Each structure stands twice: as structure tokens, then as C-alpha cells.
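Chemist: Have a look at this one before I ask anything.
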Amino acid sequence: MGSGTVSAIAGKNSDTMPPLSRRSLLNALLAATATVAAAPALGAVGSGEVDVVIIGAGAAGIAAARRVAAANRRFALLEASETIGGRCATDTKIFGVPYDLGAHWIHNPDSNPLTKLVTGIDVYPAPRTQTLRVGARSARDSELETFLAATLRAQRAMNDLGKAKADFPASRLLPKDLFDWQNTIEFMVGPFATGRELGELSAFDMARAVDRDSDAFCRQGYGALLAKLAAGLPVQLSTPVEALYWDNKRLGVDTPKGNILGRAAIVTVSTNVLSEEKIEFIPPLEKRVLGAAEKLSLGSYDHIALEMPGNPLGLQNDDMVFEQATGTRTAALLANVSGTPLHLVEVAGSFGRELAAQGEPAMVDFAGEWLSSMFGSNANRAIKRSHATRWNDNPLALGAMSGAGPGNADARKVLMEPLGGKVYFAGEAVHETQWGTVAGAWDSGTRAAEAALRRLGALGDGGDDKPVKRRRRR
């Protein structure tokens, strides 16, 4: 497809011409725009010019594409991987049942925009209770009361984050005398919720986050829910963007399959991909933009998925299990996912990053040993098949979810600013109150699309889809 683009510009004798550089190729494309026929409603690489180029088909990219399509504008939706969803994708081949490789918890389902838009998907409430283990036994009633009291104290302390006048590490407000549950609660509030230790998180960023009062699960998988919302969108898979040009009268992107022109671009790649400059921006991004991406680096969160038929642990469906941890080498267990034999051991934060760096076999070994310490040696023997995600090594993500370091909460505002009125960033990191969530990524993609459409004159001031009327010039 890329060679077809070049030959369309160079003519029949293009085989005899010297290879064009990225910049000269884009200039040639711009010069040829006047002779290219009108682009289709939904543009393909090398098909001409579109209104909006959307980079990434995760939640933010899909939301942006749906919004542009609703405004009846032309767009190209480019995805580097072979599948859609980004960090919200469901696999059914590994275990034969839905297995969310990334996001699994649907936070605040009553207000979550994704659950309101889709039908024919089974979304059900997550249990509101947890199972606690103390060594190889269940926690006693007195221990449960102590845990609940410690959790309440931690919650009250974290609520005081909003009263702080200066930013500081979020760990500073967490009480240091939470009895024997100190390590457990620090894991729950920090790594398990955000992918990072509390000491690495901005107090302001934590305070701005929306409370997650309720949760739900999707029986078909959160990624399957997202995929259904993407149905009908012409996603161009295996099409990584290598360069984005925004220094000309028109905007263009360069991919291994060819080039495409646009009037605006929405970039939904992760902050780690952005800060490591996996996409070349021409002209280069300002230091403040790259710095903002670095300040919102991704934390570590991975699933160690275990197939354990017959419910050998004797737990309920979607039972959430925590242990009375004695240090940071701990995890959480989500048992019998949606009533299947699938169990997810969740590792996160600094320990999760170190474990994932050792490889999948080490992760599975830890999961087996950890379960055996709580449920006996039979737990390890009951594992039939296993799989572990390693999002830190995924070149298209390089991590799990964003988190602002102390003093860096305003970095999200920097990424909300468009570049030259042409380039817009979107994703969970570009949301001040729902960062780290699929809903935040979706809302961010919708907002970026509306900002781009408004800039292009495709929306009125009220946000409707009617083009803005302009006076004729005499």
C-alpha cells in the first residue's frame, strides 16, 4: 500500500526515481492534494486526505472515532497492533474462556459511559466484600474488625488529601499504625489501585481522582465490551505511525504502509510511548510536553492467570482475596472469574515490576507458592494452565496506568493543550479525575474529538453536529 502511494504521486516511472525521504514524500503528497479525488468518508492509508487522523485504537481512539463519525467527518483510525483495545483487550484462545489481559474492573458502572452505550453484554455487580487470609487460615471475626477499623482510618486520612495546600507524596497522610494490616492496606491503596507505591504518587493527583463507589464485571470481558463499541469502525490494524508531521499547511503521518494527510490528529498512545519518542514528531515536541509525559509515567500491574478447575480453593465466584501481608512481597487474588475456572493473581507496584522483569515462569512460580502459603500445597498442584501478562515489556504500552509523581499533578493539564491547533492528546493519562481507568480514556477521546471538530468548524458552540455557518466574503 505504501508503494502505491508513492507511485500515485511519482507517476508510471516511479521505479526509476531515487527514494524519497519522509519529509520530501510528505511535501509531494501535499503538492498532489489538489489533484487527488475526494477522499472516502472513512480514509485508508494512502487514500487521500481525511479530517482527523486517530493514532491508536484503544478506548480513547475508539471513542474519538465514534465521535468524528457521528459528526459525519472523514477519519482514519490507525492501530499498531494486530488487535484493537490497547490496554483493554479480552482473549478467548489461551484458556477457552474470556480472559481480560488488561483492564477488568468496570468502575462506577451506573455512570460509566461504556456501559450506557452498549447492549447485549452481560455486566453484573462485583461482590462488595473481600476474603482475608491470615497465613493458612481465614481471618477471625476480631481480625476482620481490626481490618475494617484500619481501613476506615486510612480512608479518612486519604480524604484529607483534598485539604492539602501543597503537593507531597500521598503516603505522608496514610497512618503508620494500622495494626497488623499496615502492609495490606498500603498495597490496596497504592499498587493494587494505581500500579505504584503511595510514596511515588502526588497527593493532589490522588485527591482529584473520582471515588470508585461501586464496581462491576463483564461476563464476556471488558475488552469484548469495548470491541462491540468499535464494531463497524474501519480500524487499520498493524499500521504503526512512525512519524507525525504538523509543520505544514496540512498534517500528515508516515506508516510502513504509506502516508495519509489530515487536518487534525488525535494521539492516544501511552505516556511512556510518548516520552520515549517512539513516534517522531516533526517539528519535535517541546520539552514541556515530553516532560509532562515523563511525569505521568506508567505504573506496573500484571495478571498471573491460572486455570484451576473444580474450585480447589473453595472460593465464591469473583471472590477478592487479600492476605495479612508482612511486607511488599504480596498480591491479590480474584477467584473463579465470572464463574469460570480462571483465577487471577494480581501483582503490582515495585514488587510486581521486579517480578515481571524476571519473566513469565518466575511469575507463575510466585503465584503457585503464594497460593500454597494460604491454601495449602494442593493449590499449586491444582494449576493446569497458566499465563502472565507483562505490560512493562509490551512495546506498544510500556506499562499499565499513569500516575503523577509528587508535585507533578498539573502535568495532565499540559497534555490537554493542543499542539498548533492540530494535534490533540487523549487517553487515561489525559484525564484529571478518572486517570487510570477505561472510562477516563473514553471520555478523554470524546473530548479530544470534539475539540478537533470544533476547530475544524464541524461543531457549533453548543457541541452539536451542525457545521458552523460562515458569512460569504464579498
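Every chain in the C-alpha cells has a letter given in the order shown (A, B, ...), and although residue numbers restart at 1 in each chain, ligands are simply numbered from 1 in the order shown.
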For A:Asp393, work out the shell of residues within 10 Å, counting only C-alpha atoms and skipping chain neighbours fewer than 3 positions away, then give it as a ChimeraX atom specification.
Modeler: /A:356-357,359,389-390,396-399
Chemist: May I have the selected residues written with C-alpha atoms, as a PDB file, in the first residue's frame?
Modeler:
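This is the output file out_38.pdb:
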```
ATOM      1  CA  ALA A 356       7.665  -9.307  35.824  1.00  0.00           C
ATOM      2  CA  ALA A 357      11.228  -8.443  34.823  1.00  0.00           C
ATOM      3  CA  GLY A 359       9.917 -13.465  33.176  1.00  0.00           C
ATOM      4  CA  THR A 389       0.886 -10.519  31.236  1.00  0.00           C
ATOM      5  CA  ARG A 390       3.986  -8.341  31.143  1.00  0.00           C
ATOM      6  CA  LEU A 396       3.026  -0.517  22.455  1.00  0.00           C
ATOM      7  CA  ALA A 397       2.254   0.240  26.118  1.00  0.00           C
ATOM      8  CA  LEU A 398       5.428   0.012  28.264  1.00  0.00           C
ATOM      9  CA  GLY A 399       3.366  -0.112  31.445  1.00  0.00           C
TER      10      GLY A 399
END
```
Chemist: For A:Arg250, find every residue with an atom within 7 Å (counting only C-alpha atoms), except residues of its own chain fewer than 3 positions away, and show them as a list in words.
Modeler: Leu261, Gly262 and Arg263 of chain A
Chemist: So that I have them on file, write out the residues from the current selection with C-alpha atoms, as a CSV table (one decimal), in the first residue's frame.
Modeler:
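result24.csv, written as the output of this step:
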```csv
chain,number,residue,atom,x,y,z
A,261,LEU,CA,-3.0,13.5,5.2
A,262,GLY,CA,-5.3,15.1,7.7
A,263,ARG,CA,-6.5,18.4,9.1
```
Chemist: DSSP on the backbone, alpha helix (DSSP H) only: what residues of stretch 181-335 of chain A does that give? Format it as a ChimeraX atom specification.
Modeler: /A:182-189,191-194,203-208,222-229,271-275,287-295
Chemist: List the neighbours of A:Ala230 out to 10 Å using only C-alpha atoms; skip same-chain residues closer than 3 positions along the sequence, and give me the result as a list in words.
Modeler: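 The residues that qualify are Ala57, Gly58, Ala59, Gly61, Ile62, Ala63, Ala65, Arg66, Ile84, Gly85, Ala224, Leu225, Leu226, Ala227, Leu233, Pro234 and Val235 of chain A.
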Chemist: Pull C-alpha atoms from the residues just selected and write them as a compact mmCIF listing (two decimals), in the first residue's frame.
Modeler:
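Below is the file part.txt, written as the result:
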```
# COMPACT_ATOMS: atom_id res chain seq x y z
CA ALA A 57 -7.48 2.03 18.67
CA GLY A 58 -7.78 1.68 22.42
CA ALA A 59 -10.66 3.13 24.40
CA GLY A 61 -9.15 6.12 19.95
CA ILE A 62 -12.42 4.25 19.56
CA ALA A 63 -14.34 6.96 21.41
CA ALA A 65 -13.55 7.73 16.04
CA ARG A 66 -17.19 7.28 17.06
CA ILE A 84 -7.94 -3.33 18.98
CA GLY A 85 -8.39 -2.39 22.63
CA ALA A 224 -15.18 -7.58 24.45
CA LEU A 225 -17.44 -4.76 25.62
CA LEU A 226 -15.05 -2.22 24.12
CA ALA A 227 -14.75 -4.23 20.90
CA LEU A 233 -15.31 1.30 12.59
CA PRO A 234 -12.71 0.82 9.82
CA VAL A 235 -9.72 0.22 12.08
```
Chemist: I'd like the neighbourhood of A:Gly120 as a PyMOL selection string, where a residue qualifies if any of its atoms comes within 12 Å (using only C-alpha atoms), though same-chain residues fewer than 6 positions away should be ignored.
Modeler: chain A and resi 218-220+224-225+228-229
Chemist: Where does stretch 329-430 of chain A meet stretch 287-294 of chain A within 9 Å, residue by residue, with the nearest atom pair and distance in Å to one decimal for each, counting only C-alpha atoms, listed by chain and rising number, as CSV?
Modeler:
```
residue,atom,partner,partner_atom,distance
A:Asn408,CA,A:Ala292,CA,8.0
A:Asp410,CA,A:Ala292,CA,8.4
A:Ala411,CA,A:Ala292,CA,4.7
A:Arg412,CA,A:Ala292,CA,7.0
A:Lys413,CA,A:Ala292,CA,8.8
A:Val414,CA,A:Ala292,CA,6.5
A:Leu415,CA,A:Val289,CA,6.6
A:Ala429,CA,A:Ala293,CA,8.7
```
Chemist: Would you put the residues from that selection into a file with C-alpha atoms, as a short mmCIF file (atom, residue, chain, number, x, y, z; two decimals), in the first residue's frame?
Modeler:
```cif
data_model
loop_
_atom_site.label_atom_id
_atom_site.label_comp_id
_atom_site.auth_asym_id
_atom_site.auth_seq_id
_atom_site.Cartn_x
_atom_site.Cartn_y
_atom_site.Cartn_z
CA ASN A 408 3.52 16.78 39.07
CA ASP A 410 -0.60 19.56 36.72
CA ALA A 411 1.25 17.58 34.05
CA ARG A 412 -2.13 16.26 32.88
CA LYS A 413 -3.19 19.81 32.01
CA VAL A 414 -0.13 20.19 29.77
CA LEU A 415 -1.17 17.17 27.69
CA ALA A 429 -3.42 9.92 31.38
#
```
Chemist: Using only C-alpha atoms, which of the listed residues (A:Ala362, A:Ala388, A:Ala209, A:Val50) sits closest to A:His431?
Modeler: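 For A:His431, the nearest of the given residues is A:Ala209.
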Chemist: Show me, as a Markdown table, the residues of stretch 115-205 of chain A having an atom within 6 Å of stretch 307-329 of chain A, each with the closest atom pair and its distance in Å, using only C-alpha atoms.
Modeler:
```
| residue | atom | partner | partner_atom | distance |
| --- | --- | --- | --- | --- |
| A:Gln130 | CA | A:Met320 | CA | 5.0 |
| A:Thr131 | CA | A:Val321 | CA | 4.6 |
| A:Leu132 | CA | A:Phe322 | CA | 5.1 |
| A:Arg133 | CA | A:Glu323 | CA | 4.6 |
| A:Val134 | CA | A:Gln324 | CA | 5.3 |
| A:Trp181 | CA | A:Gln324 | CA | 5.9 |
| A:Asn183 | CA | A:Ala325 | CA | 5.6 |
| A:Thr184 | CA | A:Ala325 | CA | 5.3 |
```
Chemist: Restrict the selected residues to C-alpha atoms and save them as a tab-separated table (two decimals), in the first residue's frame.
Modeler:
```tsv
chain	number	residue	atom	x	y	z
A	130	GLN	CA	-13.43	-9.40	50.37
A	131	THR	CA	-11.91	-12.53	51.76
A	132	LEU	CA	-8.99	-12.04	54.15
A	133	ARG	CA	-6.37	-14.65	54.91
A	134	VAL	CA	-4.01	-14.73	57.86
A	181	TRP	CA	-2.87	-4.70	58.37
A	183	ASN	CA	1.24	-3.60	54.62
A	184	THR	CA	-2.05	-4.92	53.26
```
Chemist: What separation in Å, quoted to one decimal, exists between atom CA of A:His303 and atom CA of A:Gly190?
Modeler: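 According to the coordinates, atom CA of A:His303 and atom CA of A:Gly190 are separated by 16.5 Å.
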Chemist: Given only C-alpha atoms, how would the per-residue table for stretch 219-322 of chain A near stretch 92-109 of chain A read, listing every residue at most 7 Å away with its closest atom pair and distance in Å to one decimal, sorted by chain and number, as a tab-separated table?
Modeler:
```
residue	atom	partner	partner_atom	distance
A:Gln220	CA	A:Pro98	CA	5.8
A:Gly221	CA	A:Pro98	CA	5.6
A:Tyr222	CA	A:His104	CA	5.7
A:Gly223	CA	A:Asp100	CA	6.5
```
Chemist: Can you write just those residues out, C-alpha atoms, as a compact mmCIF listing (two decimals), in the first residue's frame?
Modeler:
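File produced: part-v1.txt:
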```
# COMPACT_ATOMS: atom_id res chain seq x y z
CA GLN A 220 -17.74 -11.56 28.11
CA GLY A 221 -14.76 -9.45 29.18
CA TYR A 222 -14.19 -5.70 29.39
CA GLY A 223 -12.23 -5.85 26.15
```
Chemist: Which residue gives the smallest distance to A:Tyr424 among A:Ile266, A:Lys165, A:Arg353, A:Met363, with only C-alpha atoms counted?
Modeler: A:Ile266
Chemist: Based on the backbone DSSP call, show me all residues of stretch 214-395 of chain A assigned strand (DSSP E), as a ChimeraX atom specification.
Modeler: /A:215-218,235-236,243-245,251-255,258-267,280-282,301-307,319-323,332-335,342-348,386-388
Chemist: Put those residues in a file: N, CA and C atoms, as a short mmCIF file (atom, residue, chain, number, x, y, z; two decimals), in the first residue's frame.
Modeler:
```cif
data_model
loop_
_atom_site.label_atom_id
_atom_site.label_comp_id
_atom_site.auth_asym_id
_atom_site.auth_seq_id
_atom_site.Cartn_x
_atom_site.Cartn_y
_atom_site.Cartn_z
N ASP A 215 -18.35 -1.25 41.68
CA ASP A 215 -17.65 -1.88 40.57
C ASP A 215 -18.52 -2.95 39.95
N ALA A 216 -18.16 -3.31 38.75
CA ALA A 216 -18.88 -4.37 38.04
C ALA A 216 -17.89 -5.12 37.16
N PHE A 217 -18.34 -6.27 36.67
CA PHE A 217 -17.56 -7.07 35.73
C PHE A 217 -18.40 -7.35 34.50
N CYS A 218 -17.74 -7.62 33.40
CA CYS A 218 -18.42 -8.02 32.17
C CYS A 218 -18.15 -9.50 31.94
N VAL A 235 -11.02 0.16 11.44
CA VAL A 235 -9.72 0.22 12.08
C VAL A 235 -8.67 -0.41 11.16
N GLN A 236 -7.59 0.29 10.95
CA GLN A 236 -6.49 -0.22 10.13
C GLN A 236 -5.44 -0.80 11.05
N ALA A 243 6.02 8.53 12.07
CA ALA A 243 6.27 9.96 12.15
C ALA A 243 4.98 10.73 11.97
N LEU A 244 4.89 11.86 12.65
CA LEU A 244 3.73 12.74 12.53
C LEU A 244 4.25 14.14 12.19
N TYR A 245 3.83 14.65 11.04
CA TYR A 245 4.25 15.96 10.58
C TYR A 245 3.14 16.97 10.86
N LEU A 251 -1.55 18.41 7.77
CA LEU A 251 -0.91 17.48 8.70
C LEU A 251 -0.80 16.11 8.03
N GLY A 252 0.25 15.37 8.33
CA GLY A 252 0.42 14.06 7.73
C GLY A 252 1.09 13.09 8.67
N VAL A 253 0.85 11.78 8.45
CA VAL A 253 1.51 10.74 9.22
C VAL A 253 2.18 9.77 8.26
N ASP A 254 3.25 9.17 8.76
CA ASP A 254 4.04 8.24 7.97
C ASP A 254 3.94 6.86 8.62
N THR A 255 3.55 5.84 7.86
CA THR A 255 3.46 4.47 8.35
C THR A 255 4.19 3.56 7.38
N GLY A 258 2.42 3.38 4.10
CA GLY A 258 2.21 4.57 3.30
C GLY A 258 1.93 5.77 4.17
N ASN A 259 1.40 6.80 3.56
CA ASN A 259 1.16 8.06 4.25
C ASN A 259 -0.29 8.47 4.11
N ILE A 260 -0.71 9.32 5.03
CA ILE A 260 -2.06 9.84 4.95
C ILE A 260 -2.06 11.27 5.47
N LEU A 261 -2.85 12.11 4.84
CA LEU A 261 -2.95 13.50 5.22
C LEU A 261 -4.22 13.74 6.02
N GLY A 262 -4.17 14.75 6.87
CA GLY A 262 -5.34 15.10 7.66
C GLY A 262 -5.31 16.57 8.02
N ARG A 263 -6.38 16.99 8.60
CA ARG A 263 -6.46 18.37 9.07
C ARG A 263 -6.22 18.46 10.57
N ALA A 264 -6.34 17.35 11.26
CA ALA A 264 -6.07 17.28 12.70
C ALA A 264 -5.68 15.85 13.04
N ALA A 265 -5.01 15.69 14.17
CA ALA A 265 -4.61 14.36 14.63
C ALA A 265 -4.92 14.22 16.11
N ILE A 266 -5.36 13.04 16.49
CA ILE A 266 -5.59 12.70 17.90
C ILE A 266 -4.65 11.55 18.25
N VAL A 267 -3.74 11.79 19.17
CA VAL A 267 -2.71 10.82 19.53
C VAL A 267 -3.10 10.19 20.87
N GLU A 280 8.03 9.80 15.89
CA GLU A 280 8.80 11.00 15.62
C GLU A 280 7.85 12.15 15.26
N PHE A 281 7.94 13.23 16.02
CA PHE A 281 7.15 14.41 15.74
C PHE A 281 8.01 15.41 14.98
N ILE A 282 7.48 15.93 13.89
CA ILE A 282 8.19 16.92 13.09
C ILE A 282 7.29 18.14 12.91
N TYR A 301 1.36 -3.20 36.66
CA TYR A 301 0.22 -4.01 37.12
C TYR A 301 0.07 -5.17 36.13
N ASP A 302 0.14 -6.39 36.64
CA ASP A 302 0.04 -7.56 35.75
C ASP A 302 -0.86 -8.63 36.36
N HIS A 303 -1.45 -9.43 35.45
CA HIS A 303 -2.24 -10.59 35.84
C HIS A 303 -1.38 -11.85 35.70
N ILE A 304 -1.42 -12.70 36.70
CA ILE A 304 -0.91 -14.07 36.56
C ILE A 304 -2.14 -14.96 36.55
N ALA A 305 -2.51 -15.41 35.37
CA ALA A 305 -3.76 -16.15 35.19
C ALA A 305 -3.50 -17.65 35.36
N LEU A 306 -4.34 -18.27 36.17
CA LEU A 306 -4.19 -19.69 36.47
C LEU A 306 -5.51 -20.40 36.22
N GLU A 307 -5.46 -21.47 35.48
CA GLU A 307 -6.65 -22.31 35.28
C GLU A 307 -6.67 -23.37 36.39
N ASP A 319 -14.50 -13.85 43.87
CA ASP A 319 -14.09 -13.60 45.25
C ASP A 319 -12.74 -12.88 45.25
N MET A 320 -12.67 -11.75 45.95
CA MET A 320 -11.44 -10.96 46.03
C MET A 320 -10.73 -11.30 47.32
N VAL A 321 -9.48 -11.77 47.22
CA VAL A 321 -8.75 -12.27 48.37
C VAL A 321 -7.49 -11.44 48.60
N PHE A 322 -7.32 -10.97 49.84
CA PHE A 322 -6.09 -10.31 50.27
C PHE A 322 -5.53 -11.08 51.45
N GLU A 323 -4.24 -10.95 51.66
CA GLU A 323 -3.61 -11.60 52.81
C GLU A 323 -3.14 -10.55 53.81
N ALA A 332 -2.89 -9.91 45.18
CA ALA A 332 -4.33 -10.08 45.40
C ALA A 332 -4.81 -11.19 44.49
N LEU A 333 -5.88 -11.85 44.88
CA LEU A 333 -6.43 -12.94 44.09
C LEU A 333 -7.88 -12.64 43.74
N LEU A 334 -8.20 -12.76 42.46
CA LEU A 334 -9.59 -12.73 42.01
C LEU A 334 -9.92 -14.14 41.54
N ALA A 335 -10.76 -14.82 42.30
CA ALA A 335 -11.00 -16.24 42.09
C ALA A 335 -12.23 -16.49 41.22
N LEU A 342 -10.97 -19.76 35.88
CA LEU A 342 -9.87 -18.83 35.77
C LEU A 342 -9.68 -18.06 37.09
N HIS A 343 -8.44 -18.04 37.56
CA HIS A 343 -8.07 -17.28 38.75
C HIS A 343 -6.97 -16.29 38.36
N LEU A 344 -7.09 -15.05 38.85
CA LEU A 344 -6.10 -14.02 38.53
C LEU A 344 -5.36 -13.61 39.80
N VAL A 345 -4.07 -13.84 39.81
CA VAL A 345 -3.20 -13.34 40.87
C VAL A 345 -2.64 -12.00 40.38
N GLU A 346 -2.94 -10.93 41.10
CA GLU A 346 -2.58 -9.58 40.66
C GLU A 346 -1.32 -9.11 41.38
N VAL A 347 -0.29 -8.80 40.61
CA VAL A 347 0.95 -8.27 41.18
C VAL A 347 1.16 -6.86 40.63
N ALA A 348 1.63 -5.96 41.47
CA ALA A 348 1.69 -4.57 41.04
C ALA A 348 2.76 -3.82 41.83
N SER A 386 -1.42 -21.86 32.62
CA SER A 386 -1.11 -20.56 33.20
C SER A 386 -0.67 -19.59 32.11
N HIS A 387 -0.76 -18.33 32.45
CA HIS A 387 -0.31 -17.26 31.56
C HIS A 387 -0.08 -16.01 32.40
N ALA A 388 0.89 -15.20 32.02
CA ALA A 388 1.16 -13.96 32.75
C ALA A 388 1.33 -12.82 31.76
#
```
Chemist: Set out as a Markdown table a contact list for stretch 134-189 of chain A and stretch 375-384 of chain A with a cut-off of 10 Å, giving each residue of stretch 134-189 of chain A that qualifies its closest atom pair and distance in Å to one decimal, counting only C-alpha atoms, ordered by chain and rising residue number.
Modeler:
```
| residue | atom | partner | partner_atom | distance |
| --- | --- | --- | --- | --- |
| A:Gly135 | CA | A:Phe375 | CA | 8.6 |
| A:Ala136 | CA | A:Phe375 | CA | 5.7 |
| A:Arg137 | CA | A:Phe375 | CA | 7.5 |
| A:Ser138 | CA | A:Phe375 | CA | 9.5 |
```
Chemist: Would you save the residues from that selection as an mmCIF file, in the first residue's frame, using N, CA and C atoms?
Modeler:
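File result_24.cif, as written:
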```cif
data_model
loop_
_atom_site.group_PDB
_atom_site.id
_atom_site.type_symbol
_atom_site.label_atom_id
_atom_site.label_comp_id
_atom_site.auth_asym_id
_atom_site.auth_seq_id
_atom_site.Cartn_x
_atom_site.Cartn_y
_atom_site.Cartn_z
ATOM 1 N N GLY A 135 -2.106 -16.003 57.105
ATOM 2 C CA GLY A 135 -1.353 -17.238 56.924
ATOM 3 C C GLY A 135 -2.191 -18.245 56.153
ATOM 4 N N ALA A 136 -2.294 -19.455 56.700
ATOM 5 C CA ALA A 136 -3.007 -20.522 56.009
ATOM 6 C C ALA A 136 -4.459 -20.654 56.444
ATOM 7 N N ARG A 137 -5.012 -19.632 57.049
ATOM 8 C CA ARG A 137 -6.407 -19.713 57.501
ATOM 9 C C ARG A 137 -7.139 -18.415 57.177
ATOM 10 N N SER A 138 -8.447 -18.465 57.310
ATOM 11 C CA SER A 138 -9.257 -17.267 57.131
ATOM 12 C C SER A 138 -9.138 -16.374 58.364
#
```
Chemist: If you count only C-alpha atoms, which residues fall within 7 Å of A:Ala439, apart from same-chain ones fewer than 5 positions away, as a compact mmCIF listing (two decimals) with N, CA and C atoms, in the first residue's frame?
Modeler:
```txt
# COMPACT_ATOMS: atom_id res chain seq x y z
N ASN A 112 -20.63 5.00 34.15
CA ASN A 112 -19.61 4.67 33.16
C ASN A 112 -20.18 4.81 31.75
N PRO A 113 -19.57 5.63 30.89
CA PRO A 113 -20.16 5.85 29.56
C PRO A 113 -20.20 4.60 28.70
N LEU A 114 -19.28 3.67 28.91
CA LEU A 114 -19.25 2.48 28.06
C LEU A 114 -20.44 1.58 28.31
N GLN A 434 -10.40 10.81 36.26
CA GLN A 434 -10.59 9.38 36.01
C GLN A 434 -9.36 8.75 35.38
```
Chemist: Hey, which of A:Ser338, A:Thr129, A:Thr151, A:Ser238 ends up closest to A:Phe179? Count only C-alpha atoms.
Modeler: A:Thr151
Chemist: Counting only C-alpha atoms, what is within 8 Å of A:Ala157, bar same-chain residues fewer than 4 positions away, as a list in words?
Modeler: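 Those residues are Arg153, Leu161, Leu173, Leu174 and Pro175 of chain A.
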Chemist: Residues of the last selection are to be written out with C-alpha atoms, as a PDB file, in the first residue's frame.
Modeler:
```pdb
ATOM      1  CA  ARG A 153      -8.871   5.253  59.345  1.00  0.00           C
ATOM      2  CA  LEU A 161      -5.676  14.910  50.685  1.00  0.00           C
ATOM      3  CA  LEU A 173      -1.112  11.092  55.104  1.00  0.00           C
ATOM      4  CA  LEU A 174      -1.566   7.343  55.480  1.00  0.00           C
ATOM      5  CA  PRO A 175      -1.425   6.418  59.188  1.00  0.00           C
TER       6      PRO A 175
END
```
Chemist: Give me the residues within 12 Å of A:Gly195 as a short mmCIF file (atom, residue, chain, number, x, y, z; two decimals) with N, CA and C atoms, in the first residue's frame, counting only C-alpha atoms and dropping any in the same chain fewer than 5 places off.
Modeler:
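File selection.cif, as written:
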```cif
data_model
loop_
_atom_site.label_atom_id
_atom_site.label_comp_id
_atom_site.auth_asym_id
_atom_site.auth_seq_id
_atom_site.Cartn_x
_atom_site.Cartn_y
_atom_site.Cartn_z
N GLU A 186 -1.59 -0.59 52.62
CA GLU A 186 -0.69 0.16 51.74
C GLU A 186 -0.68 -0.44 50.33
N PHE A 187 -0.75 -1.76 50.25
CA PHE A 187 -0.82 -2.42 48.94
C PHE A 187 -2.15 -2.13 48.26
N MET A 188 -3.24 -2.20 49.01
CA MET A 188 -4.56 -1.99 48.42
C MET A 188 -4.72 -0.56 47.89
N VAL A 189 -4.28 0.42 48.67
CA VAL A 189 -4.46 1.83 48.29
C VAL A 189 -3.46 2.25 47.23
N GLY A 190 -2.26 1.68 47.27
CA GLY A 190 -1.21 2.07 46.34
C GLY A 190 -1.13 1.16 45.13
N GLU A 200 5.27 7.28 45.63
CA GLU A 200 5.58 7.74 44.28
C GLU A 200 4.44 8.53 43.64
N LEU A 201 3.37 8.76 44.41
CA LEU A 201 2.18 9.39 43.85
C LEU A 201 1.95 10.77 44.45
N SER A 297 4.46 8.90 34.05
CA SER A 297 4.90 7.57 33.63
C SER A 297 3.97 6.49 34.17
N LEU A 298 3.97 5.35 33.49
CA LEU A 298 3.05 4.26 33.84
C LEU A 298 3.58 3.41 34.98
N GLY A 299 2.67 3.03 35.85
CA GLY A 299 3.00 2.09 36.90
C GLY A 299 2.97 0.66 36.38
N SER A 300 3.20 -0.28 37.28
CA SER A 300 3.25 -1.69 36.89
C SER A 300 2.08 -2.45 37.50
N TYR A 301 1.36 -3.20 36.66
CA TYR A 301 0.22 -4.01 37.12
C TYR A 301 0.07 -5.17 36.13
N ASP A 302 0.14 -6.39 36.64
CA ASP A 302 0.04 -7.56 35.75
C ASP A 302 -0.86 -8.63 36.36
N HIS A 303 -1.45 -9.43 35.45
CA HIS A 303 -2.24 -10.59 35.84
C HIS A 303 -1.38 -11.85 35.70
N ALA A 331 0.27 -9.92 46.97
CA ALA A 331 -0.55 -9.85 45.76
C ALA A 331 -2.01 -9.88 46.17
N GLU A 346 -2.94 -10.93 41.10
CA GLU A 346 -2.58 -9.58 40.66
C GLU A 346 -1.32 -9.11 41.38
N VAL A 347 -0.29 -8.80 40.61
CA VAL A 347 0.95 -8.27 41.18
C VAL A 347 1.16 -6.86 40.63
N ALA A 348 1.63 -5.96 41.47
CA ALA A 348 1.69 -4.57 41.04
C ALA A 348 2.76 -3.82 41.83
N GLY A 349 2.97 -2.57 41.43
CA GLY A 349 3.92 -1.72 42.12
C GLY A 349 5.35 -2.17 41.92
N SER A 350 6.21 -1.79 42.84
CA SER A 350 7.65 -2.09 42.71
C SER A 350 7.91 -3.59 42.69
N PHE A 351 7.26 -4.33 43.59
CA PHE A 351 7.47 -5.77 43.60
C PHE A 351 6.97 -6.40 42.31
N GLY A 352 5.80 -5.98 41.83
CA GLY A 352 5.27 -6.52 40.59
C GLY A 352 6.19 -6.24 39.42
N ARG A 353 6.78 -5.06 39.38
CA ARG A 353 7.71 -4.72 38.29
C ARG A 353 8.95 -5.62 38.33
N TRP A 391 3.04 -6.13 30.91
CA TRP A 391 2.76 -4.88 30.22
C TRP A 391 3.97 -3.96 30.16
N ASN A 392 4.89 -4.09 31.10
CA ASN A 392 6.07 -3.22 31.06
C ASN A 392 6.94 -3.52 29.84
N GLY A 399 3.85 -0.28 30.09
CA GLY A 399 3.37 -0.11 31.45
C GLY A 399 1.88 -0.31 31.54
N ALA A 400 1.33 -0.01 32.71
CA ALA A 400 -0.08 -0.29 32.97
C ALA A 400 -0.94 0.96 32.97
N MET A 401 -0.77 1.84 33.95
CA MET A 401 -1.61 3.03 34.06
C MET A 401 -0.77 4.20 34.55
N SER A 402 -1.18 5.40 34.21
CA SER A 402 -0.38 6.58 34.54
C SER A 402 -0.55 6.96 36.00
N GLY A 403 0.47 7.64 36.52
CA GLY A 403 0.41 8.17 37.86
C GLY A 403 1.34 9.37 37.95
N ALA A 404 0.84 10.46 38.45
CA ALA A 404 1.66 11.66 38.60
C ALA A 404 2.50 11.57 39.87
N TRP A 435 -8.19 9.28 35.74
CA TRP A 435 -6.95 8.70 35.22
C TRP A 435 -6.83 7.24 35.70
N GLY A 436 -6.20 6.44 34.87
CA GLY A 436 -6.03 5.04 35.21
C GLY A 436 -7.24 4.17 34.94
N THR A 437 -8.27 4.72 34.27
CA THR A 437 -9.48 3.94 34.02
C THR A 437 -9.84 3.96 32.54
#
```
Chemist: Using only C-alpha atoms, which of A:Gln358, A:Ala80, A:Leu285, A:Trp442 sits nearest A:Pro418?
Modeler: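 Going through A:Gln358, A:Ala80, A:Leu285, A:Trp442 one by one, the smallest distance to A:Pro418 is for A:Leu285.
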Chemist: Provide the atom CA of A:Ala367 to atom CA of A:Ala149 distance in Å, to one decimal place.
Modeler: 28.9 Å
